[in-house]
$ cat query.cif   # mmCIF, C-alpha atoms
data_data
loop_
_atom_site.group_PDB
_atom_site.id
_atom_site.type_symbol
_atom_site.label_atom_id
_atom_site.label_comp_id
_atom_site.auth_asym_id
_atom_site.auth_seq_id
_atom_site.Cartn_x
_atom_site.Cartn_y
_atom_site.Cartn_z
ATOM 1 C CA MET A 1 13.598 13.513 -28.216
ATOM 2 C CA SER A 2 14.758 13.671 -24.616
ATOM 3 C CA THR A 3 12.320 13.691 -21.716
ATOM 4 C CA ALA A 4 11.578 16.910 -19.845
ATOM 5 C CA GLY A 5 13.499 15.535 -16.849
ATOM 6 C CA THR A 6 16.545 14.853 -19.002
ATOM 7 C CA ILE A 7 16.453 18.322 -20.535
ATOM 8 C CA THR A 8 16.089 19.977 -17.117
ATOM 9 C CA PHE A 9 18.979 17.952 -15.715
ATOM 10 C CA LEU A 10 21.259 18.749 -18.664
ATOM 11 C CA GLU A 11 20.424 22.464 -18.328
ATOM 12 C CA GLN A 12 21.414 22.332 -14.648
ATOM 13 C CA LEU A 13 24.584 20.493 -15.585
ATOM 14 C CA THR A 14 25.645 23.003 -18.234
ATOM 15 C CA SER A 15 24.979 25.924 -15.878
ATOM 16 C CA GLY A 16 28.150 24.882 -14.056
ATOM 17 C CA LYS A 17 26.490 24.829 -10.651
ATOM 18 C CA LEU A 18 26.949 21.472 -8.952
ATOM 19 C CA ALA A 19 24.743 22.453 -6.032
ATOM 20 C CA THR A 20 22.461 19.439 -5.782
ATOM 21 C CA ASP A 21 23.289 15.952 -4.582
ATOM 22 C CA LYS A 22 22.139 14.625 -7.949
ATOM 23 C CA LEU A 23 24.631 16.808 -9.828
ATOM 24 C CA LYS A 24 27.437 15.947 -7.394
ATOM 25 C CA ILE A 25 26.759 12.232 -7.882
ATOM 26 C CA TYR A 26 26.665 12.630 -11.669
ATOM 27 C CA ASP A 27 29.948 14.540 -11.637
ATOM 28 C CA PHE A 28 31.602 11.966 -9.376
ATOM 29 C CA ILE A 29 30.548 9.094 -11.648
ATOM 30 C CA LYS A 30 31.708 11.024 -14.716
ATOM 31 C CA HIS A 31 35.196 11.409 -13.221
ATOM 32 C CA ASN A 32 35.213 7.951 -11.588
ATOM 33 C CA PRO A 33 33.650 5.489 -14.061
ATOM 34 C CA ASN A 34 32.241 2.246 -12.663
ATOM 35 C CA SER A 35 31.528 3.814 -9.276
ATOM 36 C CA ASP A 36 29.268 1.912 -6.914
ATOM 37 C CA ILE A 37 26.998 3.129 -4.140
ATOM 38 C CA ASP A 38 29.634 2.481 -1.467
ATOM 39 C CA SER A 39 32.264 4.646 -3.173
ATOM 40 C CA LEU A 40 29.683 7.396 -3.719
ATOM 41 C CA THR A 41 28.521 7.427 -0.093
ATOM 42 C CA PHE A 42 32.090 7.393 1.202
ATOM 43 C CA ASN A 43 33.536 10.058 -1.100
ATOM 44 C CA LEU A 44 30.558 12.415 -1.165
ATOM 45 C CA LYS A 45 29.696 11.975 2.524
ATOM 46 C CA LEU A 46 26.053 11.202 1.741
ATOM 47 C CA SER A 47 23.808 8.493 3.156
ATOM 48 C CA LYS A 48 23.050 5.352 1.145
ATOM 49 C CA ILE A 49 19.384 6.309 1.117
ATOM 50 C CA VAL A 50 20.152 9.684 -0.495
ATOM 51 C CA VAL A 51 22.634 8.199 -2.977
ATOM 52 C CA GLY A 52 20.265 5.364 -3.905
ATOM 53 C CA ALA A 53 17.398 7.776 -4.514
ATOM 54 C CA ARG A 54 19.551 10.101 -6.651
ATOM 55 C CA LEU A 55 20.971 7.179 -8.654
ATOM 56 C CA SER A 56 17.415 6.108 -9.388
ATOM 57 C CA GLU A 57 16.524 9.635 -10.525
ATOM 58 C CA LEU A 58 19.627 9.842 -12.734
ATOM 59 C CA ARG A 59 18.799 6.469 -14.300
ATOM 60 C CA LYS A 60 15.216 7.591 -14.977
ATOM 61 C CA VAL A 61 16.455 10.572 -17.003
ATOM 62 C CA GLY A 62 18.938 8.308 -18.817
ATOM 63 C CA VAL A 63 22.191 10.107 -17.993
ATOM 64 C CA ILE A 64 23.714 7.189 -16.090
ATOM 65 C CA TYR A 65 23.455 3.456 -16.622
ATOM 66 C CA ILE A 66 24.440 0.270 -14.846
ATOM 67 C CA THR A 67 27.545 -1.330 -16.333
ATOM 68 C CA LYS A 68 27.519 -4.449 -14.187
ATOM 69 C CA THR A 69 25.989 -5.845 -11.054
ATOM 70 C CA ARG A 70 27.578 -8.305 -8.688
ATOM 71 C CA ILE A 71 26.407 -9.969 -5.513
ATOM 72 C CA ASP A 72 28.215 -8.705 -2.417
ATOM 73 C CA SER A 73 27.215 -10.147 0.961
ATOM 74 C CA GLY A 74 23.901 -11.274 -0.479
ATOM 75 C CA LYS A 75 23.086 -7.856 -1.972
ATOM 76 C CA ASN A 76 23.284 -6.618 -5.552
ATOM 77 C CA LEU A 77 26.066 -4.066 -5.971
ATOM 78 C CA SER A 78 25.801 -2.139 -9.237
ATOM 79 C CA LYS A 79 28.474 -0.080 -10.971
ATOM 80 C CA TYR A 80 27.478 3.098 -12.800
ATOM 81 C CA MET A 81 28.716 5.036 -15.822
ATOM 82 C CA VAL A 82 27.697 8.368 -17.339
ATOM 83 C CA GLN A 83 25.916 8.356 -20.691
ATOM 84 C CA GLU A 84 26.454 11.432 -22.867
ATOM 85 C CA ASN A 85 25.198 10.146 -26.231
ATOM 86 C CA ASP A 86 21.680 11.544 -26.869
ATOM 87 C CA ALA A 87 20.401 8.412 -28.611
ATOM 88 C CA LEU A 88 21.688 6.181 -25.818
ATOM 89 C CA ILE A 89 20.228 8.511 -23.178
ATOM 90 C CA GLU A 90 16.825 7.970 -24.793
ATOM 91 C CA TYR A 91 17.466 4.222 -24.889
ATOM 92 C CA ASN A 92 18.359 4.278 -21.177
ATOM 93 C CA VAL A 93 15.137 6.131 -20.340
ATOM 94 C CA LYS A 94 13.089 3.509 -22.190
ATOM 95 C CA ASP A 95 15.065 0.679 -20.597
ATOM 96 C CA VAL A 96 14.431 1.985 -17.058
ATOM 97 C CA ARG A 97 10.733 2.456 -17.857
ATOM 98 C CA LYS A 98 10.615 -1.108 -19.197
ATOM 99 C CA GLU A 99 12.236 -2.396 -15.972
ATOM 100 C CA GLY A 100 9.578 -0.591 -13.964
ATOM 101 C CA PHE A 101 6.827 -2.026 -16.145
ATOM 102 C CA VAL A 102 8.130 -5.570 -15.768
ATOM 103 C CA LYS A 103 8.360 -5.151 -11.973
ATOM 104 C CA TRP A 104 4.801 -3.858 -11.983
ATOM 105 C CA LEU A 105 3.631 -6.829 -14.050
ATOM 106 C CA LYS A 106 5.358 -9.321 -11.776
ATOM 107 C CA LYS A 107 3.854 -7.715 -8.674
ATOM 108 C CA GLY A 108 0.445 -7.909 -10.317
ATOM 109 C CA THR A 109 0.820 -11.650 -10.806
ATOM 110 C CA GLU A 110 1.260 -12.075 -7.046
ATOM 111 C CA TYR A 111 -2.350 -10.988 -6.514
ATOM 112 C CA THR A 112 -4.142 -12.801 -9.311
ATOM 113 C CA GLU A 113 -7.032 -13.803 -7.055
ATOM 114 C CA PHE A 114 -8.152 -10.165 -7.140
ATOM 115 C CA LEU A 115 -8.079 -9.911 -10.930
ATOM 116 C CA ASP A 116 -10.698 -11.064 -13.383
ATOM 117 C CA PRO A 117 -9.763 -13.876 -15.811
ATOM 118 C CA LEU A 118 -9.358 -11.516 -18.786
ATOM 119 C CA THR A 119 -6.853 -9.376 -16.862
ATOM 120 C CA ASN A 120 -4.877 -12.530 -16.020
ATOM 121 C CA GLU A 121 -4.733 -13.438 -19.706
ATOM 122 C CA VAL A 122 -3.446 -9.964 -20.590
ATOM 123 C CA ILE A 123 -0.755 -10.096 -17.877
ATOM 124 C CA ASP A 124 0.324 -13.598 -18.969
ATOM 125 C CA TYR A 125 0.519 -12.402 -22.579
ATOM 126 C CA LEU A 126 2.588 -9.326 -21.658
ATOM 127 C CA LEU A 127 4.982 -11.409 -19.542
ATOM 128 C CA GLU A 128 5.341 -13.881 -22.403
ATOM 129 C CA ILE A 129 6.219 -11.046 -24.813
ATOM 130 C CA HIS A 130 8.741 -9.650 -22.337
ATOM 131 C CA ASN A 131 10.400 -13.040 -21.834
ATOM 132 C CA ARG A 132 10.868 -13.420 -25.604
ATOM 133 C CA HIS A 133 13.014 -10.246 -25.765
#

$ encode --input "query.cif" --output "structure tokens"
Amino acid sequence: MSTAGTITFLEQLTSGKLATDKLKIYDFIKHNPNSDIDSLTFNLKLSKIVVGARLSELRKVGVIYITKTRIDSGKNLSKYMVQENDALIEYNVKDVRKEGFVKWLKKGTEYTEFLDPLTNEVIDYLLEIHNRH
């Protein structure tokens, strides 16, 4: 089952109205596979902040995914593709949520002095499980 955000986005998409920046970015990536943030900002005349935020939103609803990331001038530069398969959209949603969870866990380990010992054990256990997969 798709998330509410995915369903809402797909309804907007099928309405044929590409009025929002998010829909314009989706459409550009669909017609230009492996687009990166630089090509999106240049071709759509949008700021990197806007494009980055919309890419994040599109990833959270699973309709785009990162195909590869390379280092460019010390920064990660990701390439994006559209995902139209329902099962893979759901997988993408879970994958992005998992990324967020792992980032949250890692941030939590930076402040272990504020956590009780049991919480530390739980975080260590969850990180261990994540590292196995």

$ resolve_selection --input "query.cif" --expression "the PyMOL selection byres ((chain A and resi 37-52) around 8)" --output "ChimeraX atom specification"
/A:21,24-25,28,35-36,53-56,77-79

$ closest_residue --input "query.cif" --among "A:Val122, A:Tyr26, A:Leu58, A:Thr3" --to "Ala87 of chain A" --atoms "all atoms listed in the file"
A:Thr3

$ closest_residue --input "query.cif" --among "A:Asp72, A:Leu126, A:Gln12, A:Lys30" --to "Lys98 of chain A" --atoms "all atoms listed in the file"
A:Leu126

$ closest_residue --input "query.cif" --among "A:Ile71, A:Ile89, A:Ile29, A:Ile64" --to "Ile7 of chain A" --atoms "all atoms listed in the file"
A:Ile89

$ atom_distance --input "query.cif" --atom1 "atom CA of Thr6 of chain A" --atom2 "atom CA of Lys106 of chain A"
27.6 Å

$ closest_residue --input "query.cif" --among "A:Arg59, A:Pro33, A:Leu105, A:Tyr65" --to "Tyr125 of chain A" --atoms "all atoms listed in the file"
A:Leu105

$ axis_aligned_box --input "query.cif" --around "segment 97-108 of chain A" --padding-each-side "6 Å" --output "JSON"
{"center_x": 6.3, "center_y": -3.4, "center_z": -13.9, "size_x": 23.8, "size_y": 23.8, "size_z": 22.5}

$ closest_residue --input "query.cif" --among "A:Gly5, A:Thr14, A:Gly74, A:Asn34" --to "Val61 of chain A" --atoms "all atoms listed in the file"
A:Gly5

$ closest_residue --input "query.cif" --among "A:Leu127, A:Asp27, A:Gln83, A:Thr67" --to "Lys103 of chain A" --atoms "only C-alpha atoms"
A:Leu127

$ atom_distance --input "query.cif" --atom1 "atom CA of Ile123 of chain A" --atom2 "atom CA of Lys60 of chain A"
24.0 Å

$ atom_distance --input "query.cif" --atom1 "atom CA of His31 of chain A" --atom2 "atom CA of Lys68 of chain A"
17.6 Å

$ residues_around --input "query.cif" --residues "Val102 of chain A" --least-positions-apart "2" --cutoff "12 Å" --atoms "only C-alpha atoms" --output "list of chain:residue names"
A:Asp95, A:Val96, A:Arg97, A:Lys98, A:Glu99, A:Gly100, A:Trp104, A:Leu105, A:Lys106, A:Lys107, A:Gly108, A:Thr109, A:Ile123, A:Asp124, A:Leu126, A:Leu127, A:Glu128, A:Ile129, A:His130, A:Asn131
